[in-house]
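A.B. asks: Quick one: this structure, given as structure tokens, is what I'll be asking you about.
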2 protein chains.
Amino acid sequence: MLTYDINHRGNQSIYEYLYQSIRRDILEGKLQQGEKLPSKRSLASHLNVGVITVANAYEQLLTEGYIRSVERKGYFVENLSRYNRKKAAAETDYPPEPPEREFFADFKANRIGLRHFPAATWNRFMREALSLHNDTLWKTIPYNGLYELRLAISDYLLQNRGMKVSPSQIIIGAGTEYLYSRLMQMFGRACTFGIEDPGYKKFAAISASFGNPWKYIPIDESGLMIDLLEDSGADVVHVSPANHFPTGTVMPITRRLELFEWVNRVRKRYIIEDDYDSEFRYSGKFILPMFAEDTQNKVIYMNTFSKSMVPSLRISYMILPPDLLQRYIDTMSFYSCTVSSFEQYALARFISEGHFERHINRMKLYYRGQRSIILNEIAKSPLMKIASVRERNAGTHFLLSVRTRLSEEEVRRAGLAADLSLSMYSDYSYSDVSGGDICTLVINYAGIEQEKIPEVVRRLAGIFPECSGSVL
Amino acid sequence: MLTYDINHRGNQSIYEYLYQSIRRDILEGKLQQGEKLPSKRSLASHLNVGVITVANAYEQLLTEGYIRSVERKGYFVENLSRYNRKKAAAETDYPPEPPEREFFADFKANRIGLRHFPAATWNRFMREALSLHNDTLWKTIPYNGLYELRLAISDYLLQNRGMKVSPSQIIIGAGTEYLYSRLMQMFGRACTFGIEDPGYKKFAAISASFGNPWKYIPIDESGLMIDLLEDSGADVVHVSPANHFPTGTVMPITRRLELFEWVNRVRKRYIIEDDYDSEFRYSGKFILPMFAEDTQNKVIYMNTFSKSMVPSLRISYMILPPDLLQRYIDTMSFYSCTVSSFEQYALARFISEGHFERHINRMKLYYRGQRSIILNEIAKSPLMKIASVRERNAGTHFLLSVRTRLSEEEVRRAGLAADLSLSMYSDYSYSDVSGGDICTLVINYAGIEQEKIPEVVRRLAGIFPECSGSVL
């Protein structure tokens, strides 16, 4: 008769202990194939436990297939000869978590800081979403996102961007990378992508991960070079005409017209317009997106709230022209929407109640302040003897070109030693842009705390031997 | 001299009106290529507006490239001969929003209803997340998700599922479909997927959208048929051993051992274990996942909170064995995490404070109640004369096989006429399962309101002519 010391079961329940013990005996071969288990009643009385307890343990073993029940005969051990008693333990060496180094200043970081997020307002709408007696928030979300959010975006774009967009054209997704992924699947592997060089190199990584070919297209001072685009054989081109990253170039109307000519020439050509930080212009009005000037349904428009709100909020959207929308519905709409409906609802309310516009205006004021403080500090620093600034009154970064005998690698390493994480123009370039003795830094100031700026600039200057010796 | 009637500008600002007017005149050819614009001062005095206003309008036209500035000479209209003045208006016919029909009862819907979501507790943690003076929530999230959430999941799995998992092995994503997508990209197009038939057919749609080949593998009463899997040439197989959908089969240990033998035989083979509703078992303890019994690092484990919490929360996770994790890091970790850090934080707290376990226990009680009410109603109804129930004490659905002369299509249509959205066993089957005069329904009762159940069953019975005439 099976004998287990019920008193040695630790904090397991009797049922659990019994189940585990019999299971182990079967796996270890102490109970062999075909062996009959004692009846529930006799095992219960033998172990001095309840019949129900034994019945539950047998039931679990039966469900998992360790034993089988033969009517009127009882329970028998299954054939587990396939079980290999001498298995190696599973490997338990995992790649370590990528170390999270906190820098004194991080020019790569994409963060705006909790001080600037309207948490109380946001929380009010989140609470509202959770308390709504409205079934739509609790069931599966439409593939393209909550109607309320798409409506709020379409109203916002009409009021603030001169774009006439139907809510049905808008597709909500958890980040632009997600939306790019679905687009690439839709276009298929025969499609070659054109990518600005320098530019948004991640687009190339995404293409590669889908097995799509891509070509880098050089830019000049007006942006993408259309003759080289034509030569490249690209079918779909990714551009940021309102604010090229990282140069800040605004594509002028003449170049846009050339780009429209390119795209209208061949049926399968399309433009993906990435308008990711068009909200942040510090002079004049916004730049009209190409989407608004497109008359041939050739422009896919992309934007994100991760940049304008807070990076940890993963909400982006794209706007498709009608024929592509139909293709998307046919091939991709079986994928569920990736954004929680509660956050979609909160964002819809945040936009339609005017908080988004106010938030953008506050952030513009803040970034403009950041920019002038950091530019002032640079102007006062010995850096100015060897550096020049290129900035276009927009975005949250500018270029700083430094004349130095240090290599880029040396600059980067000296930066790390000064606890600065530097971002280089060459990081966004495919072709070699190392111009002799010029090292160009991308100064993304969005995440640099204001009170640190003087010290950050002092450390920046300290990197370059050409600055030392000079008196501030 | 340019003349615009400033009084007819509607609610535009003077600056905006001036910019739009000059822009239109350039595009329409009233101002021609090379034409010199009046000086800011003279235009301002001519129109009786401020010089700054004119300067701002010129600046915007300059930024967008409609005019160019020649030092000491003034502003000149750019060459816009490429602009085609006779463009067709962009098409504005969009596919209509998919109609959202509300049924009296929807057996397809995946909703648990707001009455059962612990909204107050959830909201408390969301508020906490938003008020945290902790920078990690405000910057870019690690590719694999917030550490706090991965830690909470790994603790939960150890306590409640007998799984030893390092937080570093866990990858958080916005839904299992998202995680499957990344897995497919990682495995690449040379990889053939095996899919249970019947089973989770969406996996086939996802494979198709990635251009991956897939094979349906028939199941028998113990689940996936391993000899047919071997013959199929599949490399990676998707299974739900703890609760096969829609049959509810638990894969017995013997079949699991055969499946392990299959996967261990060839290096590139893997098992994707989808444990999507393993929480909902109404008798006995949970079924040990194959992941916990895997000693060769061959099992990828998948689970989701959309099923156990609420569908509108898009949080799922997968657990990778060490070598696949390294491969994932190498090829896919450049993709940003798709879940908002606020919701990740709230879920981490919800789990680690024990609310998740309590919620699951409450939901089990609720679902068990639902199930017994609906089974009782069926037992009392004339349906029982022609129907049999197949259910396994788990999940939120059961199979109801009805002997009827109606075709499946006729049953479905009669269902719609009775305002019922029916779900059929054949919806989840690739091979033809129409068994003569048997029509098998999948009765997913998760979203059926309790008070409606008697009427729902009455309407169900009313579909079948075989039931009519009988007295209740």
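Simple scheme: letters A, B, ... for chains in structure tokens order, numbers from 1 for residues in each chain, numbers from 1 for ligands in the order shown.
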Find the residues near range 303-319 of chain A: any atom within 8 Å, counting only C-alpha atoms, skip ones fewer than 6 places away on the same chain, and give them as a PyMOL selection string.
C.D. replies: (chain A and resi 110-113+117+165+169-176+179+274-277+279+339+344+360) or (chain B and resi 137-141+338-342)
A.B. asks: Neighbouring residues of Leu383 in chain A were defined as those with any atom within 12 Å, considering only C-alpha atoms; residues of the same chain fewer than 2 positions away were excluded. Please report them as a ChimeraX atom specification.
C.D. replies: /A:375-381,385-389,400-404,457-472
A.B. asks: When you look at Tyr15 in chain B with a cut-off of 12 Å (counting only C-alpha atoms), what residues show up, excluding the ones that are within fewer than 4 positions of it in the same chain? I need them as a ChimeraX atom specification.
C.D. replies: /A:284-285 /B:4,6,9,11,19-22,44,47,49-61
A.B. asks: Considering only C-alpha atoms, state which residue in the set A:Lys36, A:Ile219, A:Leu43, A:Leu62 is at the smallest distance from Gly74 in chain A.
C.D. replies: A:Lys36
A.B. asks: DSSP on the backbone, then: every residue of range 96-332 of chain A marked helix (DSSP H, G or I), written as a PDB file with C-alpha atoms, in the first residue's frame.
C.D. replies:
ATOM      1  CA  LEU A 114       7.421  63.764 -15.080  1.00  0.00           C
ATOM      2  CA  ARG A 115       7.420  67.435 -14.209  1.00  0.00           C
ATOM      3  CA  HIS A 116       5.860  68.292 -17.546  1.00  0.00           C
ATOM      4  CA  ALA A 119      -0.650  63.744 -14.602  1.00  0.00           C
ATOM      5  CA  ALA A 120      -3.657  65.021 -12.654  1.00  0.00           C
ATOM      6  CA  THR A 121      -5.697  65.744 -15.779  1.00  0.00           C
ATOM      7  CA  TRP A 122      -4.652  62.499 -17.366  1.00  0.00           C
ATOM      8  CA  ASN A 123      -5.578  60.592 -14.249  1.00  0.00           C
ATOM      9  CA  ARG A 124      -8.987  62.246 -14.178  1.00  0.00           C
ATOM     10  CA  PHE A 125      -9.738  60.901 -17.660  1.00  0.00           C
ATOM     11  CA  MET A 126      -8.324  57.469 -16.819  1.00  0.00           C
ATOM     12  CA  ARG A 127     -10.621  57.330 -13.787  1.00  0.00           C
ATOM     13  CA  GLU A 128     -13.503  58.433 -15.978  1.00  0.00           C
ATOM     14  CA  ALA A 129     -12.687  55.666 -18.481  1.00  0.00           C
ATOM     15  CA  LEU A 130     -12.679  53.051 -15.721  1.00  0.00           C
ATOM     16  CA  SER A 131     -15.966  54.200 -14.245  1.00  0.00           C
ATOM     17  CA  ASP A 135     -19.747  48.748 -22.767  1.00  0.00           C
ATOM     18  CA  THR A 136     -17.496  49.787 -25.648  1.00  0.00           C
ATOM     19  CA  LEU A 137     -14.478  50.177 -23.384  1.00  0.00           C
ATOM     20  CA  TYR A 147     -13.797  55.565 -32.642  1.00  0.00           C
ATOM     21  CA  GLU A 148     -13.767  58.343 -30.016  1.00  0.00           C
ATOM     22  CA  LEU A 149      -9.992  58.675 -30.293  1.00  0.00           C
ATOM     23  CA  ARG A 150      -9.954  58.624 -34.084  1.00  0.00           C
ATOM     24  CA  LEU A 151     -12.647  61.305 -34.091  1.00  0.00           C
ATOM     25  CA  ALA A 152     -10.683  63.476 -31.644  1.00  0.00           C
ATOM     26  CA  ILE A 153      -7.543  63.136 -33.780  1.00  0.00           C
ATOM     27  CA  SER A 154      -9.403  64.000 -36.972  1.00  0.00           C
ATOM     28  CA  ASP A 155     -10.904  67.129 -35.336  1.00  0.00           C
ATOM     29  CA  TYR A 156      -7.501  68.136 -33.979  1.00  0.00           C
ATOM     30  CA  LEU A 157      -5.830  67.738 -37.373  1.00  0.00           C
ATOM     31  CA  LEU A 158      -8.498  69.832 -39.057  1.00  0.00           C
ATOM     32  CA  GLN A 159      -8.246  72.633 -36.482  1.00  0.00           C
ATOM     33  CA  ASN A 160      -4.479  72.607 -36.055  1.00  0.00           C
ATOM     34  CA  ARG A 161      -2.902  71.116 -39.158  1.00  0.00           C
ATOM     35  CA  PRO A 167     -11.861  58.978 -38.593  1.00  0.00           C
ATOM     36  CA  SER A 168     -12.207  55.818 -40.733  1.00  0.00           C
ATOM     37  CA  GLN A 169      -8.827  56.516 -42.338  1.00  0.00           C
ATOM     38  CA  THR A 176       5.052  53.928 -34.979  1.00  0.00           C
ATOM     39  CA  GLU A 177       7.388  50.914 -35.141  1.00  0.00           C
ATOM     40  CA  TYR A 178       4.342  48.724 -34.740  1.00  0.00           C
ATOM     41  CA  LEU A 179       2.489  50.560 -37.516  1.00  0.00           C
ATOM     42  CA  TYR A 180       5.547  50.427 -39.793  1.00  0.00           C
ATOM     43  CA  SER A 181       5.674  46.674 -39.207  1.00  0.00           C
ATOM     44  CA  ARG A 182       2.097  46.181 -40.363  1.00  0.00           C
ATOM     45  CA  LEU A 183       2.689  48.468 -43.362  1.00  0.00           C
ATOM     46  CA  MET A 184       5.719  46.429 -44.409  1.00  0.00           C
ATOM     47  CA  GLN A 185       3.740  43.229 -44.170  1.00  0.00           C
ATOM     48  CA  MET A 186       1.011  44.808 -46.275  1.00  0.00           C
ATOM     49  CA  PHE A 187       3.401  46.057 -48.962  1.00  0.00           C
ATOM     50  CA  LYS A 202      15.533  52.330 -37.472  1.00  0.00           C
ATOM     51  CA  PHE A 203      13.358  52.123 -40.559  1.00  0.00           C
ATOM     52  CA  ALA A 204      16.194  50.171 -42.199  1.00  0.00           C
ATOM     53  CA  ALA A 205      16.396  47.836 -39.195  1.00  0.00           C
ATOM     54  CA  ILE A 206      12.650  47.234 -39.413  1.00  0.00           C
ATOM     55  CA  SER A 207      12.898  46.572 -43.184  1.00  0.00           C
ATOM     56  CA  ALA A 208      15.740  44.140 -42.533  1.00  0.00           C
ATOM     57  CA  SER A 209      13.760  42.321 -39.870  1.00  0.00           C
ATOM     58  CA  PHE A 210      10.981  41.805 -42.436  1.00  0.00           C
ATOM     59  CA  ILE A 226      14.767  63.110 -56.088  1.00  0.00           C
ATOM     60  CA  ASP A 227      17.010  62.068 -58.971  1.00  0.00           C
ATOM     61  CA  LEU A 228      18.854  59.664 -56.667  1.00  0.00           C
ATOM     62  CA  LEU A 229      15.501  58.426 -55.354  1.00  0.00           C
ATOM     63  CA  GLU A 230      14.433  57.743 -58.949  1.00  0.00           C
ATOM     64  CA  ASP A 231      17.693  55.874 -59.635  1.00  0.00           C
ATOM     65  CA  SER A 232      17.438  53.827 -56.442  1.00  0.00           C
ATOM     66  CA  ILE A 253       7.621  73.418 -51.797  1.00  0.00           C
ATOM     67  CA  THR A 254       9.780  73.033 -54.928  1.00  0.00           C
ATOM     68  CA  ARG A 255      11.288  69.758 -53.671  1.00  0.00           C
ATOM     69  CA  ARG A 256       7.878  68.587 -52.497  1.00  0.00           C
ATOM     70  CA  LEU A 257       6.500  69.100 -55.985  1.00  0.00           C
ATOM     71  CA  GLU A 258       9.362  67.038 -57.401  1.00  0.00           C
ATOM     72  CA  LEU A 259       8.639  64.318 -54.843  1.00  0.00           C
ATOM     73  CA  PHE A 260       4.940  64.368 -55.801  1.00  0.00           C
ATOM     74  CA  GLU A 261       5.952  64.005 -59.432  1.00  0.00           C
ATOM     75  CA  TRP A 262       8.098  61.019 -58.526  1.00  0.00           C
ATOM     76  CA  VAL A 263       5.333  59.303 -56.603  1.00  0.00           C
ATOM     77  CA  ASN A 264       2.603  60.023 -59.161  1.00  0.00           C
ATOM     78  CA  ARG A 265       4.657  58.582 -61.994  1.00  0.00           C
ATOM     79  CA  MET A 290       2.496  66.726 -47.703  1.00  0.00           C
ATOM     80  CA  PHE A 291      -0.532  64.633 -46.819  1.00  0.00           C
ATOM     81  CA  ALA A 292      -2.657  67.803 -46.980  1.00  0.00           C
ATOM     82  CA  GLU A 293      -1.305  68.659 -50.429  1.00  0.00           C
ATOM     83  CA  PHE A 305       1.886  60.773 -28.966  1.00  0.00           C
ATOM     84  CA  SER A 306       4.997  59.189 -27.438  1.00  0.00           C
ATOM     85  CA  LYS A 307       6.960  62.273 -28.485  1.00  0.00           C
ATOM     86  CA  SER A 308       4.355  64.944 -27.741  1.00  0.00           C
ATOM     87  CA  PRO A 322      -8.620  55.095 -49.472  1.00  0.00           C
ATOM     88  CA  ASP A 323      -7.164  52.371 -51.708  1.00  0.00           C
ATOM     89  CA  LEU A 324      -4.432  51.492 -49.206  1.00  0.00           C
ATOM     90  CA  LEU A 325      -7.006  51.507 -46.427  1.00  0.00           C
ATOM     91  CA  GLN A 326      -9.019  48.909 -48.315  1.00  0.00           C
ATOM     92  CA  ARG A 327      -5.865  46.838 -48.801  1.00  0.00           C
ATOM     93  CA  TYR A 328      -5.056  47.186 -45.094  1.00  0.00           C
ATOM     94  CA  ILE A 329      -8.560  46.073 -44.134  1.00  0.00           C
ATOM     95  CA  ASP A 330      -8.322  43.085 -46.475  1.00  0.00           C
ATOM     96  CA  THR A 331      -4.927  41.904 -45.262  1.00  0.00           C
ATOM     97  CA  MET A 332      -4.185  43.303 -41.794  1.00  0.00           C
TER      98      MET A 332
END
A.B. asks: So how many Å separate CA of Leu422 in chain B and CA of Ala394 in chain B, to one decimal?
C.D. replies: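 Separation between CA of Leu422 in chain B and CA of Ala394 in chain B: 20.3 Å.
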A.B. asks: For Tyr94 in chain B, which residue out of A:Ile374, A:Ile26, A:Leu320, A:Ile453 is the nearest one, using only C-alpha atoms?
C.D. replies: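 Closest residue, counting only C-alpha atoms: A:Leu320.
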A.B. asks: Identify all residues of range 137-258 of chain B in strand (DSSP E or B) (DSSP on the backbone) and supply them as a list in words.
C.D. replies: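 Matching residues for strand (DSSP E or B) in range 137-258 of chain B are Ile170, Ile171, Ile172, Gly173, Phe193, Gly194, Ile195, Glu196, Asp197, Trp214, Lys215, Tyr216, Ile217, Pro218, Ile219, Asp220, Gly223, Leu224, Val236, Val237, His238 and Val239 of chain B.
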A.B. asks: If you count only C-alpha atoms, which residues fall within 7 Å of range 296-299 of chain B, apart from same-chain ones fewer than 2 positions away, as a PDB file with N, CA and C atoms, in the first residue's frame?
C.D. replies:
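The result, stored in out_39.pdb:
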ATOM      1  N   ALA A  90      17.411  21.964 -16.954  1.00  0.00           N
ATOM      2  CA  ALA A  90      17.354  23.023 -17.964  1.00  0.00           C
ATOM      3  C   ALA A  90      18.400  24.086 -17.649  1.00  0.00           C
TER       4      ALA A  90
ATOM      5  N   VAL B 263      10.253  17.132 -30.297  1.00  0.00           N
ATOM      6  CA  VAL B 263      10.949  18.417 -30.326  1.00  0.00           C
ATOM      7  C   VAL B 263      12.441  18.238 -30.048  1.00  0.00           C
ATOM      8  N   TYR B 270      10.850  23.666 -32.077  1.00  0.00           N
ATOM      9  CA  TYR B 270      10.406  24.297 -30.827  1.00  0.00           C
ATOM     10  C   TYR B 270       8.910  24.095 -30.633  1.00  0.00           C
ATOM     11  N   ILE B 271       8.506  24.213 -29.386  1.00  0.00           N
ATOM     12  CA  ILE B 271       7.081  24.164 -29.037  1.00  0.00           C
ATOM     13  C   ILE B 271       6.670  25.550 -28.547  1.00  0.00           C
ATOM     14  N   ILE B 272       5.590  26.099 -29.109  1.00  0.00           N
ATOM     15  CA  ILE B 272       4.998  27.317 -28.540  1.00  0.00           C
ATOM     16  C   ILE B 272       3.792  26.865 -27.730  1.00  0.00           C
ATOM     17  N   GLU B 273       3.886  27.047 -26.415  1.00  0.00           N
ATOM     18  CA  GLU B 273       2.805  26.608 -25.533  1.00  0.00           C
ATOM     19  C   GLU B 273       1.924  27.802 -25.189  1.00  0.00           C
ATOM     20  N   PHE B 291       6.123  23.848 -20.302  1.00  0.00           N
ATOM     21  CA  PHE B 291       7.302  24.670 -20.034  1.00  0.00           C
ATOM     22  C   PHE B 291       8.014  24.221 -18.764  1.00  0.00           C
ATOM     23  N   ASP B 294      10.011  20.992 -19.306  1.00  0.00           N
ATOM     24  CA  ASP B 294      10.974  21.026 -20.414  1.00  0.00           C
ATOM     25  C   ASP B 294      12.394  21.069 -19.849  1.00  0.00           C
ATOM     26  N   TYR B 301       6.769  29.807 -23.788  1.00  0.00           N
ATOM     27  CA  TYR B 301       5.499  29.886 -23.065  1.00  0.00           C
ATOM     28  C   TYR B 301       4.817  31.223 -23.336  1.00  0.00           C
ATOM     29  N   PRO B 321      13.300  30.309 -23.714  1.00  0.00           N
ATOM     30  CA  PRO B 321      14.475  29.604 -23.191  1.00  0.00           C
ATOM     31  C   PRO B 321      15.746  30.378 -23.570  1.00  0.00           C
TER      32      PRO B 321
END
A.B. asks: Could you name the residues that touch Glu64 in chain B at 8 Å or less, counting only C-alpha atoms, but leaving out those on the same chain fewer than 5 positions away, as a list in words?
C.D. replies: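 Selected residues are Val250, Met251, Pro252, Ile253 and Ile287 of chain A.
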A.B. asks: Please, could you write that set of residues out with N, CA, C and O atoms as an mmCIF file, in the first residue's frame?
C.D. replies:
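New file again-v2.cif:
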data_model
loop_
_atom_site.group_PDB
_atom_site.id
_atom_site.type_symbol
_atom_site.label_atom_id
_atom_site.label_comp_id
_atom_site.auth_asym_id
_atom_site.auth_seq_id
_atom_site.Cartn_x
_atom_site.Cartn_y
_atom_site.Cartn_z
ATOM 1 N N VAL A 250 13.516 71.760 -43.452
ATOM 2 C CA VAL A 250 12.127 71.755 -43.907
ATOM 3 C C VAL A 250 12.172 71.584 -45.418
ATOM 4 O O VAL A 250 12.849 72.344 -46.115
ATOM 5 N N MET A 251 11.503 70.563 -45.918
ATOM 6 C CA MET A 251 11.534 70.354 -47.370
ATOM 7 C C MET A 251 10.735 71.471 -48.046
ATOM 8 O O MET A 251 9.542 71.618 -47.786
ATOM 9 N N PRO A 252 11.372 72.295 -48.915
ATOM 10 C CA PRO A 252 10.658 73.416 -49.542
ATOM 11 C C PRO A 252 9.648 72.915 -50.571
ATOM 12 O O PRO A 252 9.751 71.792 -51.055
ATOM 13 N N ILE A 253 8.712 73.779 -50.894
ATOM 14 C CA ILE A 253 7.621 73.418 -51.797
ATOM 15 C C ILE A 253 8.139 72.902 -53.139
ATOM 16 O O ILE A 253 7.589 71.949 -53.699
ATOM 17 N N ILE A 287 4.192 73.594 -40.307
ATOM 18 C CA ILE A 287 4.467 73.343 -41.723
ATOM 19 C C ILE A 287 3.378 72.413 -42.252
ATOM 20 O O ILE A 287 3.146 71.349 -41.680
#
A.B. asks: Please determine, counting only C-alpha atoms, which residue among B:Asn48, B:Ser13, B:Thr63, B:Ser421 has the shortest atom-to-atom distance to Pro241 in chain A.
C.D. replies: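 Smallest separation from Pro241 in chain A among the options: B:Thr63.
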